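Asks: structure.txt is reproduced below (compact mmCIF, C-alpha atoms).
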```
# COMPACT_ATOMS: atom_id res chain seq x y z
CA SER A 1 0.00 0.00 0.00
CA PHE A 2 1.03 3.63 -0.37
CA LYS A 3 1.25 4.03 3.41
CA ASN A 4 3.82 1.25 3.72
CA TRP A 5 5.65 2.52 0.66
CA THR A 6 5.80 6.06 2.08
CA VAL A 7 7.15 4.85 5.42
CA LEU A 8 9.77 2.71 3.68
CA LEU A 9 10.86 5.68 1.57
CA ALA A 10 11.18 7.83 4.71
CA ILE A 11 13.33 5.17 6.41
CA SER A 12 15.50 4.79 3.31
CA ALA A 13 15.98 8.55 2.90
CA PHE A 14 17.10 9.05 6.51
CA SER A 15 19.32 5.95 6.38
CA LEU A 16 21.02 7.17 3.21
CA SER A 17 21.60 10.59 4.79
CA LEU A 18 23.37 8.83 7.68
CA LEU A 19 25.37 6.75 5.20
CA GLY A 20 26.46 9.93 3.42
CA THR A 21 27.46 11.43 6.77
CA PHE A 22 29.56 8.37 7.55
CA LEU A 23 31.28 8.31 4.15
CA VAL A 24 32.17 12.01 4.23
CA ARG A 25 32.84 12.66 7.91
CA SER A 26 34.83 9.48 8.51
CA GLY A 27 37.26 10.28 5.72
CA VAL A 28 36.33 7.27 3.56
CA LEU A 29 35.70 9.82 0.82
CA THR A 30 38.17 12.68 0.57
CA SER A 31 36.31 15.83 1.55
CA VAL A 32 36.89 19.16 3.25
CA HIS A 33 34.02 18.19 5.56
CA ALA A 34 35.86 15.19 6.99
CA PHE A 35 36.75 15.26 10.67
CA ALA A 36 40.37 15.34 11.77
CA THR A 37 41.95 11.89 11.46
CA ASP A 38 40.28 9.97 14.29
CA PRO A 39 38.90 6.45 13.59
CA ARG A 40 36.75 6.55 16.73
CA ARG A 41 34.45 9.18 15.26
CA GLY A 42 33.88 7.13 12.13
CA ILE A 43 33.14 4.04 14.22
CA PHE A 44 30.62 5.99 16.31
CA ILE A 45 28.76 7.14 13.19
CA LEU A 46 28.85 3.58 11.80
CA VAL A 47 27.41 2.12 15.02
CA PHE A 48 24.70 4.80 15.05
CA LEU A 49 23.95 4.06 11.38
CA VAL A 50 23.52 0.33 12.03
CA ALA A 51 21.37 0.95 15.12
CA VAL A 52 19.04 3.38 13.33
CA ILE A 53 18.64 1.30 10.17
CA GLY A 54 18.25 -1.98 12.07
CA SER A 55 15.67 -0.66 14.55
CA SER A 56 13.72 1.19 11.82
CA LEU A 57 13.48 -1.83 9.54
CA ALA A 58 12.60 -4.11 12.45
CA LEU A 59 9.78 -1.77 13.51
CA PHE A 60 8.60 -1.52 9.91
CA ALA A 61 8.55 -5.31 9.50
CA TRP A 62 6.56 -5.62 12.73
CA ARG A 63 3.96 -2.96 11.96
CA ALA A 64 3.65 -3.15 8.15
CA PRO A 65 1.31 -6.17 8.03
CA LYS A 66 -1.17 -4.31 10.23
CA VAL A 67 -1.58 -1.46 7.73
CA GLY A 68 -4.48 -1.76 5.28
CA LEU A 69 -3.75 -2.37 1.62
CA GLY A 70 -6.06 0.40 0.35
CA GLY A 71 -8.25 0.36 -2.75
CA ARG A 72 -7.48 -0.59 -6.33
CA PHE A 73 -6.58 2.00 -8.95
CA GLY A 74 -6.39 2.08 -12.73
CA LEU A 75 -3.33 1.90 -14.94
CA LEU A 76 -3.72 5.62 -15.62
CA SER A 77 -4.51 7.45 -12.39
CA ARG A 78 -2.86 9.80 -9.95
CA GLU A 79 -1.74 6.81 -7.87
CA SER A 80 -0.07 5.11 -10.83
CA LEU A 81 1.68 8.32 -11.90
CA LEU A 82 2.92 8.97 -8.36
CA LEU A 83 4.14 5.39 -8.09
CA THR A 84 5.94 5.62 -11.44
CA ASN A 85 7.65 8.83 -10.40
CA ASN A 86 8.63 7.28 -7.07
CA VAL A 87 10.19 4.30 -8.84
CA LEU A 88 12.11 6.57 -11.24
CA LEU A 89 13.47 8.64 -8.35
CA VAL A 90 14.43 5.52 -6.38
CA VAL A 91 16.29 4.08 -9.38
CA ALA A 92 18.05 7.44 -9.89
CA CYS A 93 19.06 7.42 -6.21
CA ALA A 94 20.33 3.85 -6.57
CA SER A 95 22.41 4.83 -9.61
CA VAL A 96 24.09 7.63 -7.63
CA LEU A 97 24.68 5.26 -4.70
CA LEU A 98 26.20 2.68 -7.03
CA GLY A 99 28.48 5.26 -8.62
CA THR A 100 29.63 6.34 -5.13
CA LEU A 101 30.16 2.95 -3.49
CA TYR A 102 31.40 0.83 -6.41
CA PRO A 103 34.84 2.52 -6.64
CA LEU A 104 35.23 2.13 -2.85
CA LEU A 105 34.35 -1.56 -3.08
CA ILE A 106 36.80 -2.15 -5.93
CA ASP A 107 39.53 -0.38 -3.96
CA ALA A 108 38.75 -2.36 -0.79
CA LEU A 109 38.99 -5.66 -2.71
CA GLY A 110 42.38 -4.66 -4.07
CA ALA A 111 41.15 -4.77 -7.67
CA GLY A 112 42.65 -1.41 -8.52
CA LYS A 113 41.53 2.20 -8.61
CA LEU A 114 38.34 3.19 -10.40
CA SER A 115 36.96 6.67 -10.97
CA VAL A 116 33.28 7.27 -11.74
CA GLY A 117 32.67 10.70 -13.24
CA PRO A 118 30.23 12.77 -15.29
CA PRO A 119 29.99 10.35 -18.26
CA TYR A 120 28.45 7.68 -16.01
CA PHE A 121 25.98 10.02 -14.34
CA ASP A 122 25.02 11.67 -17.65
CA ALA A 123 24.33 8.28 -19.21
CA VAL A 124 22.34 6.87 -16.26
CA PHE A 125 20.84 9.79 -14.34
CA VAL A 126 19.60 12.02 -17.17
CA PRO A 127 17.38 9.40 -18.94
CA LEU A 128 15.69 8.67 -15.60
CA MET A 129 15.01 12.28 -14.71
CA LEU A 130 13.49 13.30 -18.05
CA PRO A 131 10.28 11.21 -17.68
CA ALA A 132 10.20 12.03 -13.94
CA ALA A 133 10.18 15.75 -14.73
CA PHE A 134 7.34 15.30 -17.23
CA LEU A 135 5.23 13.36 -14.71
CA MET A 136 5.70 16.10 -12.11
CA GLY A 137 3.63 18.39 -14.30
CA ALA A 138 0.99 15.85 -15.31
CA ALA A 139 0.36 13.91 -12.09
CA PRO A 140 -1.43 16.68 -10.11
CA PHE A 141 -4.11 16.87 -12.83
CA ALA A 142 -4.86 13.16 -12.92
CA ARG A 143 -7.92 11.94 -11.03
CA TRP A 144 -7.61 9.51 -8.15
CA LYS A 145 -8.40 5.86 -9.01
CA HIS A 146 -8.93 6.49 -12.74
CA ALA A 147 -8.01 9.18 -15.28
CA SER A 148 -8.32 9.54 -19.04
CA VAL A 149 -5.73 10.59 -21.58
CA GLY A 150 -8.23 12.84 -23.35
CA GLU A 151 -9.03 14.81 -20.20
CA LEU A 152 -5.36 15.31 -19.35
CA THR A 153 -4.60 16.38 -22.93
CA ARG A 154 -7.39 18.96 -22.99
CA THR A 155 -6.36 20.38 -19.63
CA LEU A 156 -2.62 20.57 -20.25
CA ARG A 157 -2.28 21.23 -23.99
CA TRP A 158 -1.76 25.00 -23.69
CA ALA A 159 0.70 24.66 -20.84
CA PHE A 160 2.72 22.17 -22.88
CA LEU A 161 2.67 24.36 -25.99
CA ALA A 162 3.84 27.38 -23.99
CA ALA A 163 6.60 25.25 -22.43
CA ALA A 164 7.63 24.09 -25.90
CA VAL A 165 7.94 27.71 -27.08
CA VAL A 166 10.11 28.56 -24.06
CA GLY A 167 12.25 25.45 -24.45
CA ILE A 168 12.83 25.87 -28.18
CA GLY A 169 13.24 29.66 -28.15
CA THR A 170 15.51 30.18 -25.14
CA PRO A 171 18.61 28.45 -26.60
CA LEU A 172 18.30 30.64 -29.69
CA LEU A 173 18.83 33.71 -27.48
CA HIS A 174 22.27 32.35 -26.61
CA GLY A 175 23.23 32.04 -30.25
CA GLU A 176 23.54 28.26 -30.26
CA TRP A 177 20.63 25.80 -30.35
CA LYS A 178 21.25 22.45 -28.66
CA PRO A 179 18.59 19.69 -28.61
CA LEU A 180 19.30 18.51 -25.05
CA VAL A 181 19.26 22.10 -23.76
CA ALA A 182 15.93 22.75 -25.48
CA LEU A 183 14.43 19.54 -24.04
CA SER A 184 15.64 20.33 -20.52
CA LEU A 185 14.33 23.90 -20.61
CA LEU A 186 11.04 22.64 -22.05
CA LEU A 187 10.64 20.30 -19.07
CA ALA A 188 11.58 23.04 -16.60
CA ALA A 189 9.03 25.41 -18.14
CA TRP A 190 6.51 22.55 -18.22
CA ILE A 191 6.88 22.00 -14.47
CA VAL A 192 6.45 25.72 -13.70
CA LEU A 193 3.56 26.38 -16.09
CA SER A 194 1.64 23.23 -15.19
CA GLY A 195 2.16 24.02 -11.52
CA LEU A 196 0.78 27.54 -11.96
CA LEU A 197 -2.17 26.14 -13.92
CA ASN A 198 -2.87 23.60 -11.19
CA PHE A 199 -2.68 26.29 -8.52
CA VAL A 200 -5.11 28.59 -10.35
CA THR A 201 -7.49 25.73 -11.15
CA ARG A 202 -7.49 24.51 -7.55
CA VAL A 203 -8.13 27.98 -6.11
CA GLN A 204 -10.86 28.75 -8.67
CA SER A 205 -12.68 25.50 -7.85
CA THR A 206 -12.71 26.29 -4.10
CA ARG A 207 -13.46 30.03 -4.23
CA ALA A 208 -17.22 29.79 -3.57
CA GLY A 209 -17.61 33.53 -4.14
CA GLN A 210 -14.50 34.52 -2.16
CA PRO A 211 -11.74 36.76 -3.50
CA PHE A 212 -8.98 34.83 -5.25
CA VAL A 213 -6.31 35.76 -2.66
CA SER A 214 -8.53 34.73 0.26
CA ALA A 215 -9.26 31.37 -1.34
CA ALA A 216 -5.55 30.87 -2.09
CA ARG A 217 -4.60 31.47 1.54
CA LYS A 218 -6.99 28.73 2.66
CA GLN A 219 -5.29 26.03 0.61
CA PRO A 220 -3.53 23.36 2.70
CA ARG A 221 0.18 23.75 3.38
CA SER A 222 0.89 20.43 1.69
CA PHE A 223 -0.45 21.90 -1.56
CA PHE A 224 1.99 24.83 -1.36
CA GLY A 225 4.79 22.49 -0.33
CA MET A 226 4.24 20.24 -3.33
CA HIS A 227 4.45 23.10 -5.83
CA LEU A 228 7.37 24.73 -4.04
CA ALA A 229 9.30 21.45 -4.30
CA HIS A 230 8.41 21.14 -7.99
CA PHE A 231 9.50 24.73 -8.70
CA GLY A 232 12.78 23.99 -6.92
CA ILE A 233 13.39 21.05 -9.26
CA ALA A 234 12.64 23.29 -12.24
CA VAL A 235 15.24 25.80 -11.02
CA PHE A 236 17.70 22.93 -10.54
CA ILE A 237 17.12 21.72 -14.11
CA VAL A 238 17.65 25.22 -15.53
CA GLY A 239 20.83 25.76 -13.50
CA VAL A 240 22.42 22.43 -14.41
CA THR A 241 21.44 22.76 -18.07
CA MET A 242 22.69 26.29 -18.60
CA VAL A 243 25.93 25.80 -16.69
CA GLY A 244 26.68 22.49 -18.39
CA ALA A 245 25.95 23.79 -21.89
CA TYR A 246 27.22 27.36 -21.86
CA GLN A 247 29.90 27.63 -19.20
CA ASP A 248 33.34 28.70 -20.38
CA GLU A 249 36.19 27.19 -18.40
CA LYS A 250 39.87 27.64 -19.17
CA ASP A 251 42.88 26.13 -17.39
CA VAL A 252 46.11 28.02 -18.03
CA LYS A 253 49.67 27.64 -16.83
CA MET A 254 51.23 31.03 -16.05
CA GLU A 255 54.77 32.12 -15.30
CA VAL A 256 55.60 35.25 -13.32
CA GLY A 257 54.68 38.26 -15.45
CA ASP A 258 52.30 36.35 -17.74
CA ALA A 259 48.86 37.80 -18.49
CA VAL A 260 45.65 36.21 -19.75
CA GLY A 261 42.42 37.83 -20.94
CA VAL A 262 38.98 36.65 -19.76
CA GLY A 263 35.69 38.42 -20.53
CA GLY A 264 37.25 41.79 -21.33
CA TYR A 265 39.53 41.73 -18.27
CA THR A 266 43.24 40.96 -18.06
CA PHE A 267 44.75 38.95 -15.22
CA ARG A 268 48.49 39.43 -14.64
CA PHE A 269 50.36 36.96 -12.43
CA ASN A 270 53.05 38.58 -10.27
CA GLY A 271 54.27 35.59 -8.28
CA VAL A 272 53.65 33.44 -5.19
CA GLY A 273 54.52 34.13 -1.57
CA GLN A 274 54.22 32.23 1.72
CA GLN A 275 52.04 33.17 4.66
CA GLN A 276 51.66 31.69 8.15
CA GLY A 277 48.12 31.61 9.49
CA PRO A 278 46.85 30.79 13.01
CA ASN A 279 46.52 27.06 12.24
CA TYR A 280 47.69 26.74 8.64
CA ARG A 281 50.44 27.50 6.17
CA ALA A 282 49.50 29.13 2.88
CA LEU A 283 50.88 29.80 -0.57
CA VAL A 284 49.47 33.16 -1.64
CA GLY A 285 49.28 34.23 -5.26
CA ASP A 286 49.60 37.87 -6.35
CA VAL A 287 47.35 38.72 -9.31
CA ASP A 288 46.47 42.10 -10.85
CA LEU A 289 42.99 42.60 -12.32
CA ILE A 290 43.36 44.98 -15.27
CA LYS A 291 40.90 46.62 -17.64
CA ASP A 292 41.70 49.21 -20.29
CA GLY A 293 45.28 49.34 -19.06
CA ARG A 294 44.28 50.28 -15.50
CA VAL A 295 44.70 48.04 -12.45
CA LEU A 296 41.27 47.74 -10.85
CA ARG A 297 42.37 45.70 -7.83
CA LYS A 298 44.87 43.16 -6.59
CA MET A 299 43.77 39.58 -5.95
CA PHE A 300 45.36 37.15 -3.50
CA PRO A 301 44.15 33.56 -3.96
CA GLU A 302 45.50 31.05 -1.44
CA LYS A 303 46.27 27.35 -1.14
CA ARG A 304 46.06 26.60 2.59
CA PHE A 305 47.48 23.53 4.33
CA TYR A 306 45.93 22.93 7.76
CA VAL A 307 48.31 21.37 10.26
CA ALA A 308 45.76 19.42 12.33
CA SER A 309 44.00 17.62 9.48
CA SER A 310 46.68 17.79 6.75
CA MET A 311 43.83 18.88 4.49
CA PRO A 312 44.63 21.37 1.68
CA MET A 313 41.98 23.99 0.90
CA THR A 314 41.74 26.59 -1.83
CA GLU A 315 40.64 30.14 -1.02
CA ALA A 316 39.49 31.89 -4.19
CA ALA A 317 40.09 35.62 -4.51
CA ILE A 318 36.69 36.49 -5.97
```
Output the file's structure in the form of structure tokens.
Replies:
Amino acid sequence: SFKNWTVLLAISAFSLSLLGTFLVRSGVLTSVHAFATDPRRGIFILVFLVAVIGSSLALFAWRAPKVGLGGRFGLLSRESLLLTNNVLLVVACASVLLGTLYPLLIDALGAGKLSVGPPYFDAVFVPLMLPAAFLMGAAPFARWKHASVGELTRTLRWAFLAAAVVGIGTPLLHGEWKPLVALSLLLAAWIVLSGLLNFVTRVQSTRAGQPFVSAARKQPRSFFGMHLAHFGIAVFIVGVTMVGAYQDEKDVKMEVGDAVGVGGYTFRFNGVGQQQGPNYRALVGDVDLIKDGRVLRKMFPEKRFYVASSMPMTEAAI
């Protein structure tokens, strides 16, 4: 039933958050968030992780059979769309977990070093999230128990057409049209526009002669929370798409006195000095920011080495 499924998802989400805490804080994965080298802290988190997961699953196994199974629902209904989206998100989560743990397992077995990077996540994660993003816009309009394709099409056709215009037209404004960018922006616009349509439709159906704003304020918090979460995913899609497609990154090797131009500005490298901090040693770069032959400011990026944790950190000068 959906009640059991929801409880199991909640247990899994919290357990995975604890697993992530253990992997990062214990130092299993190299991270600036890792504690100072101290195995006892990692063991404490591991024991807490086992206790929480074990007790939660034991309680779930004990109480789950006592929860009702609920009613039946059609192949096309709000329940089926929610379940499909849940499965897609769970598989996406599993793919990220596999990409994180598999290299650690290979290393622990002594089978060599393996690095899992963007090509893996692009090939596995993106195809799963595309249908999930589409269902986020369609599911709130489907009826419980049973829905029809014709009704959904009539309700959502204008929202989809408007999203298509946004998705196809926006890349043209950047001077380069890319199919994957257009599809991603279409889905982001689809989520936003369908969410706004659902909000207006819901408020209009419950107005009963009240002003629109008054009726909107009386909607349940869960309704606002759902659309806020969906809008957040739309913003995430736009950010990842635009950065991935249009970012301009350049790695340069500079000697003392060399200059490089970026975006109408010139950066001149003057050398590197050493600096002693309260609990770290640092290599400090000296860079001039120049425009139209005039030095606008001096920049001092740092590479810090902390004595207690032996962890290097970069301090950008922007």
Asks: Please compute the atom CA of A:Val203-atom CA of A:Leu156 distance, one decimal, in Å.
Replies: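 Taking atom CA of A:Val203 and atom CA of A:Leu156, their separation equals 16.9 Å.
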Asks: So which residues touch stretch 135-149 of chain A within 9 Å, counting all atoms listed in the file, skipping near sequence neighbours fewer than 3 positions away, as a tab-separated table (two decimals) with C-alpha atoms, keeping the file's coordinate frame?
Replies:
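Output contents, as saved in out-v9.tsv:
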```tsv
chain	number	residue	atom	x	y	z
A	71	GLY	CA	-8.25	0.36	-2.75
A	72	ARG	CA	-7.48	-0.59	-6.33
A	73	PHE	CA	-6.58	2.00	-8.95
A	74	GLY	CA	-6.39	2.08	-12.73
A	75	LEU	CA	-3.33	1.90	-14.94
A	76	LEU	CA	-3.72	5.62	-15.62
A	77	SER	CA	-4.51	7.45	-12.39
A	78	ARG	CA	-2.86	9.80	-9.95
A	79	GLU	CA	-1.74	6.81	-7.87
A	80	SER	CA	-0.07	5.11	-10.83
A	81	LEU	CA	1.68	8.32	-11.90
A	82	LEU	CA	2.92	8.97	-8.36
A	84	THR	CA	5.94	5.62	-11.44
A	85	ASN	CA	7.65	8.83	-10.40
A	130	LEU	CA	13.49	13.30	-18.05
A	131	PRO	CA	10.28	11.21	-17.68
A	132	ALA	CA	10.20	12.03	-13.94
A	152	LEU	CA	-5.36	15.31	-19.35
A	153	THR	CA	-4.60	16.38	-22.93
A	154	ARG	CA	-7.39	18.96	-22.99
A	155	THR	CA	-6.36	20.38	-19.63
A	156	LEU	CA	-2.62	20.57	-20.25
A	187	LEU	CA	10.64	20.30	-19.07
A	190	TRP	CA	6.51	22.55	-18.22
A	191	ILE	CA	6.88	22.00	-14.47
A	192	VAL	CA	6.45	25.72	-13.70
A	193	LEU	CA	3.56	26.38	-16.09
A	194	SER	CA	1.64	23.23	-15.19
A	195	GLY	CA	2.16	24.02	-11.52
A	198	ASN	CA	-2.87	23.60	-11.19
A	230	HIS	CA	8.41	21.14	-7.99
```
Asks: Expressed in Å to a single decimal, how great is the separation between atom CA of A:Gly20 and atom CA of A:Arg304?
Replies: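 Straight-line distance from atom CA of A:Gly20 to atom CA of A:Arg304 works out to 25.7 Å.
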Asks: Nearest to A:Thr6: which of A:Leu83, A:Gly244, A:Ala133, A:Ile53 is it, counting only C-alpha atoms?
Replies: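 Using only C-alpha atoms, the shortest distance to A:Thr6 belongs to A:Leu83.
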Asks: Expressed in Å to a single decimal, how great is the separation between atom CA of A:Lys3 and atom CA of A:His227?
Replies: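 Separating atom CA of A:Lys3 from atom CA of A:His227 is a distance of 21.4 Å.
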Asks: Residues within 12 Å of A:Gly117, please, as a list in words. Count all atoms listed in the file; anything in the same chain fewer than 6 positions from it doesn't count.
Replies: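 Contacts, in chain order: Val96, Gly99, Thr100, Pro103, Ala123, Val124 and Phe125 of chain A.
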Asks: Rank A:Val90, A:Val238, A:Leu228, A:Leu105 by their smallest atom-to-atom distance to A:Pro171, using only C-alpha atoms, and report the top residue only.
Replies: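 So, comparing all the options, the nearest one is A:Val238.
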Asks: Could you write out as JSON the box around stretch 239-255 of chain A (axis-aligned, all atoms listed in the file, 6 Å on each side), with centre and edge lengths in Å to one decimal?
Replies:
```
{"center_x": 37.8, "center_y": 27.3, "center_z": -17.7, "size_x": 45.9, "size_y": 21.7, "size_z": 20.4}
```
Asks: Could you add N, CA and C atoms to stretch 149-166 of chain A and give me the result as a compact mmCIF listing (two decimals), in the frame of the given file?
Replies:
```
# COMPACT_ATOMS: atom_id res chain seq x y z
N VAL A 149 -6.73 9.85 -20.80
CA VAL A 149 -5.73 10.59 -21.58
C VAL A 149 -6.34 11.83 -22.21
N GLY A 150 -7.58 11.70 -22.70
CA GLY A 150 -8.23 12.84 -23.35
C GLY A 150 -8.42 14.01 -22.41
N GLU A 151 -8.82 13.74 -21.16
CA GLU A 151 -9.03 14.81 -20.20
C GLU A 151 -7.71 15.50 -19.85
N LEU A 152 -6.66 14.72 -19.66
CA LEU A 152 -5.36 15.31 -19.35
C LEU A 152 -4.84 16.14 -20.53
N THR A 153 -5.07 15.65 -21.74
CA THR A 153 -4.60 16.38 -22.93
C THR A 153 -5.31 17.72 -23.07
N ARG A 154 -6.64 17.70 -22.88
CA ARG A 154 -7.39 18.96 -22.99
C ARG A 154 -6.98 19.96 -21.93
N THR A 155 -6.69 19.49 -20.73
CA THR A 155 -6.36 20.38 -19.63
C THR A 155 -4.96 20.97 -19.78
N LEU A 156 -4.03 20.18 -20.29
CA LEU A 156 -2.62 20.57 -20.25
C LEU A 156 -2.04 20.99 -21.60
N ARG A 157 -2.85 20.98 -22.66
CA ARG A 157 -2.28 21.23 -23.99
C ARG A 157 -1.66 22.62 -24.11
N TRP A 158 -2.31 23.65 -23.56
CA TRP A 158 -1.76 25.00 -23.69
C TRP A 158 -0.52 25.20 -22.84
N ALA A 159 -0.49 24.58 -21.67
CA ALA A 159 0.70 24.66 -20.84
C ALA A 159 1.88 24.00 -21.53
N PHE A 160 1.63 22.86 -22.19
CA PHE A 160 2.72 22.17 -22.88
C PHE A 160 3.20 22.97 -24.08
N LEU A 161 2.27 23.56 -24.83
CA LEU A 161 2.67 24.36 -25.99
C LEU A 161 3.49 25.58 -25.56
N ALA A 162 3.07 26.23 -24.48
CA ALA A 162 3.84 27.38 -23.99
C ALA A 162 5.22 26.94 -23.53
N ALA A 163 5.30 25.77 -22.86
CA ALA A 163 6.60 25.25 -22.43
C ALA A 163 7.48 24.92 -23.63
N ALA A 164 6.87 24.40 -24.70
CA ALA A 164 7.63 24.09 -25.90
C ALA A 164 8.21 25.35 -26.52
N VAL A 165 7.44 26.43 -26.55
CA VAL A 165 7.94 27.71 -27.08
C VAL A 165 9.13 28.20 -26.26
N VAL A 166 9.01 28.12 -24.93
CA VAL A 166 10.11 28.56 -24.06
C VAL A 166 11.34 27.68 -24.28
```
